[in-house]
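Reading through the structure tokens given below for one structure.
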Amino acid sequence: MTDTLLMATDQIPQVALAFMNDDHHEAVELMNGLNEALQDGEDEQIDELLASFLDHNRSHFGREEQHMRDYGFPAYPVHKGEHERVLAEMDQMANYWLTRRDRGHLQRYLTETVLPWFNNHLATMDTMTAMFVARQMG
Ligand SMILES: [Fe+2]
Ligand SMILES: [Fe+2]
């Protein structure tokens, strides 16, 4: 096994809500696992990790959306819209992987699209959402 990490879990920027930090930690672990499996794992491992990552994202995004609704976050439609766009794109990429078994394609998607998106999303929408919700919670 290689020890190539996409991102170290101790380098994840922290937001103002613990449950979101936990979700981001889990997301990074799943991305690292998928990255490693793409390099030296079996196809079945990649299938499982990809399915776990998609499931994780649905729950992760769903928890953020629930908090945005509960606390009246004004930019809810924008943040939710971004989650939906990414989930649809990930579904499409997963289907492509399942039919073509093209590791390079999935690897590039993970490193060149998902990872930069994750970092940018965390630094912008997630950070603002957490700050707003934490303040409302008092
Ligand atoms: Fe998030
Ligand atoms: Fe988010």
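Chain labels run A, B, ... following the order of the structure tokens; each chain numbers its residues from 1, and ligands are numbered from 1 in the order shown.
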
- Excluding Glu65 of chain A and any residue of its chain fewer than 2 positions from it, enumerate the residues within 12 Å of it, using only C-alpha atoms, and give them as an MDAnalysis selection string. chainID A and resid 20 57:63 67:84 125:126 129:130 133

- May I have all residues of chain A that DSSP, computed from the backbone, assigns to alpha helix (DSSP H), given as a ChimeraX atom specification? /A:18-40,43-70,76-100,103-108,115-121,127-137

Can you list every residue of segment 27-125 of chain A that has an atom at most 10 Å from segment 6-9 of chain A, with its nearest atom pair and the distance in Å to one decimal, using only C-alpha atoms, ordered by chain then number, as a Markdown table?
```
| residue | atom | partner | partner_atom | distance |
| --- | --- | --- | --- | --- |
| A:Ala27 | CA | A:Thr9 | CA | 9.5 |
| A:Val28 | CA | A:Thr9 | CA | 6.5 |
| A:Glu29 | CA | A:Thr9 | CA | 7.2 |
| A:Met31 | CA | A:Leu6 | CA | 7.1 |
| A:Asn32 | CA | A:Leu6 | CA | 5.5 |
| A:Gly33 | CA | A:Leu6 | CA | 9.1 |
| A:Leu34 | CA | A:Leu6 | CA | 9.5 |
| A:Asn35 | CA | A:Leu6 | CA | 7.0 |
| A:Glu36 | CA | A:Leu6 | CA | 8.9 |
| A:Leu110 | CA | A:Leu6 | CA | 9.1 |
| A:Thr111 | CA | A:Leu6 | CA | 7.4 |
| A:Leu115 | CA | A:Leu6 | CA | 7.8 |
| A:Asn119 | CA | A:Met7 | CA | 9.9 |
```

- Query: Using only C-alpha atoms and all ligand atoms, which of A:Asp10, A:Glu44, A:Asp23, A:Asp91 sits nearest ligand 2?
  - Reply: A:Asp23

- Note on the structure: Here atom CA of Asp40 of chain A and atom CA of Val114 of chain A stand apart by 20.0 Å

- Can you work out which one of A:Asp102, A:Glu64, A:Glu112, A:Glu89 has the shortest atom-to-atom distance to ligand 2, counting only C-alpha atoms and all ligand atoms?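 Among the listed residues, A:Glu64 lies closest to ligand 2.
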
- Item | Nearest candidate to ligand 1 (options A:Met137, A:Phe19, A:Thr4, A:Gly104; using only C-alpha atoms and all ligand atoms) | A:Phe19

- Using only C-alpha atoms and all ligand atoms, which residue out of A:Ile46, A:His121, A:Met128, A:Glu26 lies closest to ligand 1?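 Answer, going by the shortest atom-to-atom distance: A:His121.
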
- Message: Just to confirm, what's the straight-line distance from atom CA of Gln107 of chain A to atom CA of Asn21 of chain A in Å (one decimal)?
- Response: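 Between atom CA of Gln107 of chain A and atom CA of Asn21 of chain A the gap is 24.8 Å.
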
- Message: Can you pull out the residues contacting Gly138 of chain A? Cut-off 12 Å, using only C-alpha atoms, and skip same-chain residues under 4 positions away; I want them as a PyMOL selection string.
- Response: chain A and resi 16-17+71+131-134

- Item | Counting only C-alpha atoms and all ligand atoms, the option among A:Gln45, A:Thr113, A:Gln92, A:Gln66 closest to ligand 2 |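 Smallest separation from ligand 2 among the options: A:Gln66.
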
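Using only C-alpha atoms and all ligand atoms for every distance, the candidate list A:Thr127, A:Gln136, A:Ser52, A:Gln39 yields A:Thr127 as the residue closest to ligand 2.
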